[in-house]
file run-v7.pdb (PDB, C-alpha atoms and all ligand atoms)
ATOM      1  CA  MET A   1      -0.309   0.177   8.905
ATOM      2  CA  LEU A   2      -2.821   1.593   6.498
ATOM      3  CA  VAL A   3      -3.848   5.249   6.679
ATOM      4  CA  LEU A   4      -6.803   6.188   4.537
ATOM      5  CA  THR A   5      -7.114   9.934   3.939
ATOM      6  CA  LYS A   6      -9.957  12.130   2.644
ATOM      7  CA  THR A   7     -12.840  10.097   4.071
ATOM      8  CA  ASP A   8     -14.761  13.415   3.999
ATOM      9  CA  LEU A   9     -14.899  13.016   0.201
ATOM     10  CA  LYS A  10     -16.123   9.426   0.121
ATOM     11  CA  PRO A  11     -17.123   6.896   2.795
ATOM     12  CA  ALA A  12     -14.273   4.512   3.538
ATOM     13  CA  ASP A  13     -16.148   1.349   4.547
ATOM     14  CA  GLU A  14     -16.106  -0.460   1.215
ATOM     15  CA  LEU A  15     -12.413   0.167   0.608
ATOM     16  CA  LEU A  16     -11.423  -0.710   4.160
ATOM     17  CA  ALA A  17     -13.337  -3.999   3.958
ATOM     18  CA  LEU A  18     -10.954  -5.080   1.186
ATOM     19  CA  TYR A  19      -8.014  -4.778   3.566
ATOM     20  CA  GLY A  20      -9.805  -6.375   6.553
ATOM     21  CA  PRO A  21      -8.307  -9.854   6.048
ATOM     22  CA  LEU A  22      -4.762  -8.423   6.299
ATOM     23  CA  ASP A  23      -5.427  -7.701   9.964
ATOM     24  CA  ILE A  24      -3.155  -4.646  10.126
ATOM     25  CA  PRO A  25      -3.855  -1.394  12.035
ATOM     26  CA  VAL A  26      -6.070   0.913   9.961
ATOM     27  CA  PHE A  27      -6.701   4.640  10.516
ATOM     28  CA  SER A  28      -8.978   7.024   8.646
ATOM     29  CA  ILE A  29      -8.412  10.751   8.234
ATOM     30  CA  ASP A  30     -11.563  12.800   7.848
ATOM     31  CA  ASP A  31     -10.865  16.237   6.376
ATOM     32  CA  ARG A  32      -7.225  16.419   7.575
ATOM     33  CA  ARG A  33      -8.127  15.625  11.213
ATOM     34  CA  VAL A  34      -5.553  13.172  12.550
ATOM     35  CA  PRO A  35      -7.079  10.636  14.978
ATOM     36  CA  GLU A  36      -5.448  10.607  18.413
ATOM     37  CA  ALA A  37      -4.903   6.834  18.134
ATOM     38  CA  LEU A  38      -2.805   7.390  15.000
ATOM     39  CA  ARG A  39      -0.642  10.007  16.736
ATOM     40  CA  GLU A  40      -0.112   7.644  19.647
ATOM     41  CA  SER A  41       0.870   4.698  17.472
ATOM     42  CA  LEU A  42       3.691   6.744  15.901
ATOM     43  CA  VAL A  43       5.402   7.617  19.195
ATOM     44  CA  ASN A  44       8.999   6.357  19.412
ATOM     45  CA  GLN A  45       8.702   4.648  16.028
ATOM     46  CA  THR A  46      10.220   5.481  12.676
ATOM     47  CA  THR A  47       7.367   5.686  10.176
ATOM     48  CA  VAL A  48       7.691   6.142   6.415
ATOM     49  CA  LEU A  49       4.699   7.489   4.488
ATOM     50  CA  VAL A  50       4.282   5.826   1.105
ATOM     51  CA  GLY A  51       1.500   6.503  -1.382
ATOM     52  CA  HIS A  52       0.497   8.030  -4.687
ATOM     53  CA  SER A  53       1.037  11.716  -5.311
ATOM     54  CA  GLY A  54      -1.738  13.824  -3.845
ATOM     55  CA  VAL A  55      -3.046  11.391  -1.239
ATOM     56  CA  GLY A  56      -2.089  13.797   1.559
ATOM     57  CA  LYS A  57       1.236  12.573   2.977
ATOM     58  CA  SER A  58       2.719  16.047   3.444
ATOM     59  CA  THR A  59      -0.594  17.357   4.786
ATOM     60  CA  LEU A  60      -0.440  14.625   7.424
ATOM     61  CA  VAL A  61       3.175  15.478   8.276
ATOM     62  CA  ASN A  62       2.213  19.127   8.705
ATOM     63  CA  SER A  63      -0.454  18.115  11.231
ATOM     64  CA  LEU A  64       1.897  15.819  13.117
ATOM     65  CA  VAL A  65       4.905  18.148  13.207
ATOM     66  CA  PRO A  66       3.763  21.730  13.859
ATOM     67  CA  ASP A  67       6.826  23.425  12.278
ATOM     68  CA  ALA A  68       7.318  20.939   9.418
ATOM     69  CA  ASP A  69       6.131  23.411   6.807
ATOM     70  CA  ARG A  70       6.001  20.810   4.040
ATOM     71  CA  LEU A  71       4.679  22.151   0.762
ATOM     72  CA  THR A  72       1.363  20.577  -0.274
ATOM     73  CA  GLY A  73      -0.200  20.590  -3.731
ATOM     74  CA  HIS A  74      -3.656  20.451  -5.245
ATOM     75  CA  VAL A  75      -4.984  17.402  -6.980
ATOM     76  CA  ASN A  76      -5.961  17.823 -10.625
ATOM     77  CA  ALA A  77      -9.771  18.028 -10.646
ATOM     78  CA  VAL A  78     -10.065  16.155 -13.957
ATOM     79  CA  THR A  79      -7.536  13.326 -13.641
ATOM     80  CA  GLY A  80      -7.634  13.062  -9.839
ATOM     81  CA  ARG A  81      -3.852  12.904  -9.860
ATOM     82  CA  GLY A  82      -1.438  14.769  -7.640
ATOM     83  CA  ARG A  83       1.294  17.055  -8.931
ATOM     84  CA  HIS A  84       4.332  15.374  -7.438
ATOM     85  CA  THR A  85       4.729  18.262  -5.041
ATOM     86  CA  SER A  86       7.273  16.621  -2.714
ATOM     87  CA  THR A  87      10.532  15.842  -4.485
ATOM     88  CA  SER A  88      12.731  14.857  -1.556
ATOM     89  CA  VAL A  89      12.658  12.371   1.306
ATOM     90  CA  ILE A  90      12.729  14.124   4.673
ATOM     91  CA  ALA A  91      12.714  12.672   8.178
ATOM     92  CA  MET A  92      11.292  14.861  10.935
ATOM     93  CA  HIS A  93      11.160  14.493  14.712
ATOM     94  CA  LEU A  94       7.694  13.958  16.135
ATOM     95  CA  PRO A  95       6.894  16.132  19.180
ATOM     96  CA  GLY A  96       6.184  13.020  21.273
ATOM     97  CA  GLY A  97       9.339  11.198  20.114
ATOM     98  CA  GLY A  98      10.059   9.172  16.991
ATOM     99  CA  LEU A  99      10.530  10.065  13.349
ATOM    100  CA  ILE A 100       8.101  10.591  10.504
ATOM    101  CA  VAL A 101       9.460  10.368   6.953
ATOM    102  CA  ASP A 102       7.724  12.185   4.096
ATOM    103  CA  THR A 103       8.483  10.843   0.620
ATOM    104  CA  PRO A 104       7.668  11.887  -2.954
ATOM    105  CA  GLY A 105       4.477  10.239  -4.240
ATOM    106  CA  ILE A 106       4.884   7.090  -6.268
ATOM    107  CA  ARG A 107       3.765   7.212  -9.913
ATOM    108  CA  SER A 108       2.828   3.580 -10.323
ATOM    109  CA  PHE A 109       3.246   0.275  -8.566
ATOM    110  CA  GLY A 110       4.587  -2.755 -10.399
ATOM    111  CA  LEU A 111       6.361  -6.004  -9.622
ATOM    112  CA  ALA A 112       8.064  -6.676 -12.959
ATOM    113  CA  HIS A 113      11.499  -6.476 -11.305
ATOM    114  CA  VAL A 114      10.622  -8.903  -8.491
ATOM    115  CA  ASP A 115      11.279 -12.642  -8.909
ATOM    116  CA  VAL A 116       8.191 -14.846  -8.564
ATOM    117  CA  ASP A 117       9.897 -16.909  -5.871
ATOM    118  CA  ARG A 118      10.292 -13.745  -3.796
ATOM    119  CA  ILE A 119       6.607 -12.851  -4.059
ATOM    120  CA  ILE A 120       5.682 -16.062  -2.233
ATOM    121  CA  HIS A 121       7.823 -14.863   0.716
ATOM    122  CA  ALA A 122       5.337 -12.019   1.189
ATOM    123  CA  PHE A 123       2.747 -14.718   1.968
ATOM    124  CA  PRO A 124       4.345 -16.521   4.933
ATOM    125  CA  ASP A 125       0.921 -17.847   5.915
ATOM    126  CA  LEU A 126       0.872 -19.908   2.681
ATOM    127  CA  ALA A 127       4.456 -21.190   2.965
ATOM    128  CA  HIS A 128       3.490 -24.472   4.644
ATOM    129  CA  LEU A 129       1.115 -25.213   1.755
ATOM    130  CA  THR A 130       3.803 -24.802  -0.914
ATOM    131  CA  ARG A 131       6.132 -27.409   0.609
ATOM    132  CA  ASP A 132       4.689 -30.089  -1.690
ATOM    133  CA  CYS A 133       5.003 -27.980  -4.847
ATOM    134  CA  PRO A 134       7.015 -29.325  -7.778
ATOM    135  CA  ARG A 135      10.502 -27.847  -8.162
ATOM    136  CA  SER A 136      10.478 -24.311  -9.603
ATOM    137  CA  CYS A 137       6.686 -24.200  -9.295
ATOM    138  CA  SER A 138       5.163 -20.971 -10.609
ATOM    139  CA  HIS A 139       2.449 -21.293  -7.900
ATOM    140  CA  ASP A 140      -0.113 -20.619 -10.613
ATOM    141  CA  GLU A 141      -0.402 -23.976 -12.359
ATOM    142  CA  PRO A 142      -2.468 -27.193 -12.013
ATOM    143  CA  ASP A 143       0.371 -29.154 -10.304
ATOM    144  CA  CYS A 144       0.871 -26.448  -7.681
ATOM    145  CA  ALA A 145       0.111 -27.587  -4.126
ATOM    146  CA  LEU A 146      -1.949 -24.405  -3.714
ATOM    147  CA  THR A 147      -4.313 -25.701  -6.409
ATOM    148  CA  THR A 148      -4.805 -28.833  -4.291
ATOM    149  CA  ALA A 149      -5.324 -26.665  -1.188
ATOM    150  CA  LEU A 150      -8.119 -24.827  -2.993
ATOM    151  CA  GLY A 151     -10.168 -28.054  -3.065
ATOM    152  CA  ALA A 152     -13.256 -28.784  -0.995
ATOM    153  CA  GLY A 153     -13.017 -27.628   2.605
ATOM    154  CA  CYS A 154     -10.603 -24.798   1.872
ATOM    155  CA  PRO A 155     -11.413 -22.007   4.388
ATOM    156  CA  PRO A 156     -12.546 -18.777   2.668
ATOM    157  CA  GLU A 157      -9.679 -16.729   4.153
ATOM    158  CA  VAL A 158      -7.097 -19.168   2.727
ATOM    159  CA  ARG A 159      -8.873 -19.107  -0.628
ATOM    160  CA  SER A 160      -8.760 -15.313  -0.704
ATOM    161  CA  ARG A 161      -5.024 -15.304   0.166
ATOM    162  CA  ILE A 162      -4.241 -17.789  -2.634
ATOM    163  CA  ASP A 163      -6.362 -15.721  -5.052
ATOM    164  CA  SER A 164      -4.482 -12.629  -3.965
ATOM    165  CA  LEU A 165      -1.079 -14.277  -4.483
ATOM    166  CA  ARG A 166      -2.081 -15.498  -7.921
ATOM    167  CA  ARG A 167      -3.419 -12.083  -8.929
ATOM    168  CA  LEU A 168      -0.020 -10.616  -8.041
ATOM    169  CA  ILE A 169       1.846 -13.300  -9.986
ATOM    170  CA  ARG A 170      -0.364 -12.739 -13.036
ATOM    171  CA  SER A 171      -0.080  -8.950 -12.847
ATOM    172  CA  ARG A 172       3.680  -9.421 -12.881
ATOM    173  CA  VAL A 173       3.510 -11.606 -15.995
ATOM    174  CA  ASP A 174       1.214  -9.024 -17.622
ATOM    175  CA  SER A 175       3.541  -6.147 -16.785
ATOM    176  CA  ASP A 176       6.482  -8.128 -18.259
ATOM    177  CA  ALA A 177       4.486  -8.485 -21.469
ATOM    178  CA  ASP A 178       3.645  -4.767 -21.425
ATOM    179  CA  GLU A 179       7.329  -3.925 -21.069
ATOM    180  CA  ARG A 180       8.295  -6.222 -23.909
ATOM    181  CA  ALA A 181       5.593  -4.640 -26.085
ATOM    182  CA  ALA A 182       6.854  -1.162 -25.183
ATOM    183  CA  GLY A 183      10.424  -2.169 -26.023
ATOM    184  CA  ALA A 184       9.474  -3.685 -29.382
TER
HETATM  185  N1  LIG A 201     -10.627  16.729   1.385
HETATM  186  C1  LIG A 201      -9.446  16.398   1.882
HETATM  187  N2  LIG A 201      -8.326  16.860   1.286
HETATM  188  C2  LIG A 201      -7.129  16.497   1.802
HETATM  189  C3  LIG A 201      -7.020  15.675   2.963
HETATM  190  N3  LIG A 201      -5.696  15.471   3.209
HETATM  191  C4  LIG A 201      -5.030  16.158   2.249
HETATM  192  N4  LIG A 201      -5.872  16.796   1.402
HETATM  193  C5  LIG A 201      -5.534  17.649   0.232
HETATM  194  O1  LIG A 201      -4.937  16.837  -0.775
HETATM  195  C6  LIG A 201      -4.032  17.639  -1.558
HETATM  196  C7  LIG A 201      -2.702  16.925  -1.698
HETATM  197  O2  LIG A 201      -2.071  16.854  -0.439
HETATM  198  P1  LIG A 201      -0.495  16.660  -0.260
HETATM  199  O3  LIG A 201      -0.263  16.596   1.230
HETATM  200  O4  LIG A 201       0.281  17.658  -1.031
HETATM  201  O5  LIG A 201      -0.273  15.224  -0.907
HETATM  202  P2  LIG A 201       1.098  14.360  -0.979
HETATM  203  O6  LIG A 201       0.673  12.940  -0.734
HETATM  204  O7  LIG A 201       2.130  14.920  -0.087
HETATM  205  O8  LIG A 201       1.498  14.549  -2.521
HETATM  206  P3  LIG A 201       2.974  14.450  -3.215
HETATM  207  O9  LIG A 201       3.911  15.284  -2.415
HETATM  208  O10 LIG A 201       2.740  14.965  -4.578
HETATM  209  O11 LIG A 201       3.329  12.980  -3.198
HETATM  210  C8  LIG A 201      -3.942  18.985  -0.855
HETATM  211  O12 LIG A 201      -4.779  19.898  -1.554
HETATM  212  C9  LIG A 201      -4.473  18.694   0.539
HETATM  213  O13 LIG A 201      -5.047  19.843   1.152
HETATM  214  C10 LIG A 201      -8.244  15.207   3.583
HETATM  215  O14 LIG A 201      -8.274  14.486   4.590
HETATM  216  N5  LIG A 201      -9.415  15.604   2.993
HETATM  217 MG    MG A 202       4.029  15.597  -0.481
HETATM  218 ZN    ZN A 203       3.251 -23.999  -6.195
END
call {"tool": "encode", "arguments": {"input": "run-v7.pdb", "output": "structure tokens", "more": "lines below"}}
Ligand SMILES: Nc1nc2c(ncn2[C@@H]2O[C@H](COP(=O)(O)OP(=O)(O)OP(=O)(O)O)[C@@H](O)[C@H]2O)c(=O)[nH]1
Ligand SMILES: [Mg+2]
Ligand SMILES: [Zn+2]
result
Amino acid sequence: MLVLTKTDLKPADELLALYGPLDIPVFSIDDRRVPEALRESLVNQTTVLVGHSGVGKSTLVNSLVPDADRLTGHVNAVTGRGRHTSTSVIAMHLPGGGLIVDTPGIRSFGLAHVDVDRIIHAFPDLAHLTRDCPRSCSHDEPDCALTTALGAGCPPEVRSRIDSLRRLIRSRVDSDADERAAGA
């Protein structure tokens, strides 16, 4: 699920529209007020909060678990970055049953360590299209069956999924190049 915090600071509509095609549950938190539907969806589940430093994970845990007492930190007004306040992973019991896990904020997200052929597994909806790909297809080349699928009559939602996959593959190639440059 996606939980968008701090909608009191900026309207969420535009950002949420980006995630619409994923068709996953989405909740917004306006000024630290946790929607009842979010509380209910956590009952008897184990939920791990993942996000950049300063997005409000520990603040959310403090609202969900009255005696959690997780330390929260201010966001730097100039850079907009958090201060990596939480440094440990802690699981806490929710009053209604289930566990909520607070984690330290991630610094950056990259896929350089993930094989390209594993990235395609995150797109099971495209798997049937890649059956006709050449062996060891990069899925971002003219001979790729996805390129054929992008032809006339390709539904917009399929097009956007293929675009999304290829953006990920390219960002991975770019981050490899960045790492090589940094190592040189
Ligand atoms: N305006 C606003 N501020 C919020 C909201 N939720 C959290 N904050 C503030 O955001 C700041 C960072 O919150 P934290 O809960 O420490 O963030 P975190 O994600 O746990 O950060 P790390 O532990 O560093 O990963 C604090 O000053 C919170 O009070 C919200 O809905 N609206
Ligand atoms: Mg925290
Ligand atoms: Zn392919």
call {"tool": "resolve_selection", "arguments": {"input": "run-v7.pdb", "expression": "the PyMOL selection byres (((chain A and resi 144) around 10) and not hetatm)", "output": "list in words"}}
result
Leu129, Thr130, Arg131, Asp132, Cys133, Pro134, Arg135, Cys137, Ser138, His139, Asp140, Glu141, Pro142, Asp143, Ala145, Leu146, Thr147, Thr148 and Ala149 of chain A
call {"tool": "write_last_selection", "arguments": {"input": "run-v7.pdb", "atoms": "C-alpha atoms", "output": "PDB file, in the frame of the given file"}}
result
ATOM      1  CA  LEU A 129       1.115 -25.213   1.755  1.00  0.00           C
ATOM      2  CA  THR A 130       3.803 -24.802  -0.914  1.00  0.00           C
ATOM      3  CA  ARG A 131       6.132 -27.409   0.609  1.00  0.00           C
ATOM      4  CA  ASP A 132       4.689 -30.089  -1.690  1.00  0.00           C
ATOM      5  CA  CYS A 133       5.003 -27.980  -4.847  1.00  0.00           C
ATOM      6  CA  PRO A 134       7.015 -29.325  -7.778  1.00  0.00           C
ATOM      7  CA  ARG A 135      10.502 -27.847  -8.162  1.00  0.00           C
ATOM      8  CA  CYS A 137       6.686 -24.200  -9.295  1.00  0.00           C
ATOM      9  CA  SER A 138       5.163 -20.971 -10.609  1.00  0.00           C
ATOM     10  CA  HIS A 139       2.449 -21.293  -7.900  1.00  0.00           C
ATOM     11  CA  ASP A 140      -0.113 -20.619 -10.613  1.00  0.00           C
ATOM     12  CA  GLU A 141      -0.402 -23.976 -12.359  1.00  0.00           C
ATOM     13  CA  PRO A 142      -2.468 -27.193 -12.013  1.00  0.00           C
ATOM     14  CA  ASP A 143       0.371 -29.154 -10.304  1.00  0.00           C
ATOM     15  CA  ALA A 145       0.111 -27.587  -4.126  1.00  0.00           C
ATOM     16  CA  LEU A 146      -1.949 -24.405  -3.714  1.00  0.00           C
ATOM     17  CA  THR A 147      -4.313 -25.701  -6.409  1.00  0.00           C
ATOM     18  CA  THR A 148      -4.805 -28.833  -4.291  1.00  0.00           C
ATOM     19  CA  ALA A 149      -5.324 -26.665  -1.188  1.00  0.00           C
TER      20      ALA A 149
END
call {"tool": "closest_residue", "arguments": {"input": "run-v7.pdb", "among": "A:Leu15, A:Leu111, A:Val75, A:Leu94", "to": "Val55 in chain A", "atoms": "all atoms listed in the file"}}
result
A:Val75
call {"tool": "resolve_selection", "arguments": {"input": "run-v7.pdb", "expression": "the PyMOL selection byres (((not hetatm)) within 12 of (chain A and resi 202))", "output": "ChimeraX atom specification"}}
result
/A:49-62,68-75,82-90,101-106
call {"tool": "resolve_selection", "arguments": {"input": "run-v7.pdb", "expression": "the PyMOL selection byres (((chain A and resi 95-97) around 8) and not hetatm)", "output": "NGL selection string"}}
result
:A and (43-45 or 64-65 or 93-94 or 98-99)
call {"tool": "write_last_selection", "arguments": {"input": "run-v7.pdb", "atoms": "C-alpha atoms", "output": "compact mmCIF listing (two decimals), in the coordinates of the input"}}
result
# COMPACT_ATOMS: atom_id res chain seq x y z
CA VAL A 43 5.40 7.62 19.20
CA ASN A 44 9.00 6.36 19.41
CA GLN A 45 8.70 4.65 16.03
CA LEU A 64 1.90 15.82 13.12
CA VAL A 65 4.90 18.15 13.21
CA HIS A 93 11.16 14.49 14.71
CA LEU A 94 7.69 13.96 16.14
CA GLY A 98 10.06 9.17 16.99
CA LEU A 99 10.53 10.06 13.35
call {"tool": "atom_distance", "arguments": {"input": "run-v7.pdb", "atom1": "atom C3 of ligand LIG 201 (chain A)", "atom2": "CA of Pro35 in chain A"}}
result
13.0 Å
call {"tool": "axis_aligned_box", "arguments": {"input": "run-v7.pdb", "around": "range 42-54 of chain A", "padding_each_side": "4 Å", "output": "AutoDock Vina command-line options"}}
result
--center_x 4.2 --center_y 9.2 --center_z 7.1 --size_x 20.0 --size_y 17.2 --size_z 32.7
call {"tool": "residues_near_point", "arguments": {"input": "run-v7.pdb", "point": "(-6.0, -18.3, -1.6)", "cutoff": "12 Å", "atoms": "only C-alpha atoms", "output": "ChimeraX atom specification"}}
result
/A:21,120,123,125-127,129-130,139-140,145-151,154-168
call {"tool": "closest_residue", "arguments": {"input": "run-v7.pdb", "among": "A:Val78, A:Ala91, A:Val3, A:Ile169", "to": "Ala112 in chain A", "atoms": "only C-alpha atoms"}}
result
A:Ile169
call {"tool": "closest_residue", "arguments": {"input": "run-v7.pdb", "among": "A:Met92, A:Val34, A:Ile24, A:Val116", "to": "ligand ZN 203 (chain A)", "atoms": "only C-alpha atoms and all ligand atoms"}}
result
A:Val116
call {"tool": "closest_residue", "arguments": {"input": "run-v7.pdb", "among": "A:Ala17, A:Leu22, A:Ile29, A:Met1", "to": "ligand LIG 201 (chain A)", "atoms": "all atoms listed in the file"}}
result
A:Ile29
call {"tool": "atom_distance", "arguments": {"input": "run-v7.pdb", "atom1": "CA of Asp8 in chain A", "atom2": "CA of Asp30 in chain A"}}
result
5.0 Å
call {"tool": "build_atoms", "arguments": {"input": "run-v7.pdb", "residues": "range 138-171 of chain A", "atoms": "N, CA and C atoms", "output": "compact mmCIF listing (two decimals), keeping the file's coordinate frame"}}
result
# COMPACT_ATOMS: atom_id res chain seq x y z
N SER A 138 5.52 -22.38 -10.41
CA SER A 138 5.16 -20.97 -10.61
C SER A 138 4.09 -20.55 -9.61
N HIS A 139 3.55 -21.50 -8.85
CA HIS A 139 2.45 -21.29 -7.90
C HIS A 139 1.16 -20.82 -8.57
N ASP A 140 1.12 -20.96 -9.89
CA ASP A 140 -0.11 -20.62 -10.61
C ASP A 140 -0.28 -21.64 -11.74
N GLU A 141 -0.31 -22.91 -11.36
CA GLU A 141 -0.40 -23.98 -12.36
C GLU A 141 -1.13 -25.16 -11.72
N PRO A 142 -1.66 -26.08 -12.55
CA PRO A 142 -2.47 -27.19 -12.01
C PRO A 142 -1.72 -28.07 -11.00
N ASP A 143 -0.40 -28.28 -11.20
CA ASP A 143 0.37 -29.15 -10.30
C ASP A 143 0.74 -28.48 -8.98
N CYS A 144 0.50 -27.19 -8.88
CA CYS A 144 0.87 -26.45 -7.68
C CYS A 144 0.09 -26.98 -6.48
N ALA A 145 0.78 -27.10 -5.35
CA ALA A 145 0.11 -27.59 -4.13
C ALA A 145 -0.99 -26.62 -3.68
N LEU A 146 -0.89 -25.37 -4.08
CA LEU A 146 -1.95 -24.40 -3.71
C LEU A 146 -3.25 -24.75 -4.44
N THR A 147 -3.12 -25.29 -5.66
CA THR A 147 -4.31 -25.70 -6.41
C THR A 147 -5.02 -26.82 -5.65
N THR A 148 -4.24 -27.75 -5.10
CA THR A 148 -4.80 -28.83 -4.29
C THR A 148 -5.48 -28.25 -3.05
N ALA A 149 -4.79 -27.27 -2.42
CA ALA A 149 -5.32 -26.66 -1.19
C ALA A 149 -6.66 -25.98 -1.43
N LEU A 150 -6.87 -25.53 -2.67
CA LEU A 150 -8.12 -24.83 -2.99
C LEU A 150 -9.32 -25.77 -3.08
N GLY A 151 -9.09 -27.07 -2.94
CA GLY A 151 -10.17 -28.05 -3.06
C GLY A 151 -11.23 -27.90 -1.98
N ALA A 152 -12.14 -28.84 -1.96
CA ALA A 152 -13.26 -28.78 -1.00
C ALA A 152 -12.73 -28.63 0.42
N GLY A 153 -13.40 -27.81 1.20
CA GLY A 153 -13.02 -27.63 2.60
C GLY A 153 -11.99 -26.54 2.82
N CYS A 154 -11.58 -25.90 1.72
CA CYS A 154 -10.60 -24.80 1.87
C CYS A 154 -11.30 -23.61 2.56
N PRO A 155 -10.77 -23.14 3.71
CA PRO A 155 -11.41 -22.01 4.39
C PRO A 155 -11.40 -20.76 3.50
N PRO A 156 -12.45 -19.94 3.55
CA PRO A 156 -12.55 -18.78 2.67
C PRO A 156 -11.36 -17.84 2.80
N GLU A 157 -10.79 -17.68 4.01
CA GLU A 157 -9.68 -16.73 4.15
C GLU A 157 -8.41 -17.25 3.46
N VAL A 158 -8.25 -18.59 3.43
CA VAL A 158 -7.10 -19.17 2.73
C VAL A 158 -7.30 -19.00 1.22
N ARG A 159 -8.54 -19.27 0.79
CA ARG A 159 -8.87 -19.11 -0.63
C ARG A 159 -8.56 -17.68 -1.09
N SER A 160 -8.95 -16.70 -0.28
CA SER A 160 -8.76 -15.31 -0.70
C SER A 160 -7.26 -14.96 -0.72
N ARG A 161 -6.48 -15.56 0.18
CA ARG A 161 -5.02 -15.30 0.17
C ARG A 161 -4.37 -15.93 -1.08
N ILE A 162 -4.80 -17.15 -1.44
CA ILE A 162 -4.24 -17.79 -2.63
C ILE A 162 -4.64 -16.99 -3.88
N ASP A 163 -5.91 -16.55 -3.92
CA ASP A 163 -6.36 -15.72 -5.05
C ASP A 163 -5.51 -14.47 -5.15
N SER A 164 -5.25 -13.87 -4.00
CA SER A 164 -4.48 -12.63 -3.96
C SER A 164 -3.06 -12.85 -4.48
N LEU A 165 -2.43 -13.93 -4.01
CA LEU A 165 -1.08 -14.28 -4.48
C LEU A 165 -1.08 -14.47 -6.00
N ARG A 166 -2.07 -15.20 -6.48
CA ARG A 166 -2.08 -15.50 -7.92
C ARG A 166 -2.39 -14.27 -8.76
N ARG A 167 -3.19 -13.35 -8.21
CA ARG A 167 -3.42 -12.08 -8.93
C ARG A 167 -2.11 -11.33 -9.08
N LEU A 168 -1.31 -11.31 -7.99
CA LEU A 168 -0.02 -10.62 -8.04
C LEU A 168 0.91 -11.26 -9.07
N ILE A 169 0.96 -12.60 -9.05
CA ILE A 169 1.85 -13.30 -9.99
C ILE A 169 1.43 -12.99 -11.42
N ARG A 170 0.11 -13.01 -11.66
CA ARG A 170 -0.36 -12.74 -13.04
C ARG A 170 -0.12 -11.29 -13.44
N SER A 171 -0.28 -10.36 -12.49
CA SER A 171 -0.08 -8.95 -12.85
C SER A 171 1.38 -8.74 -13.22
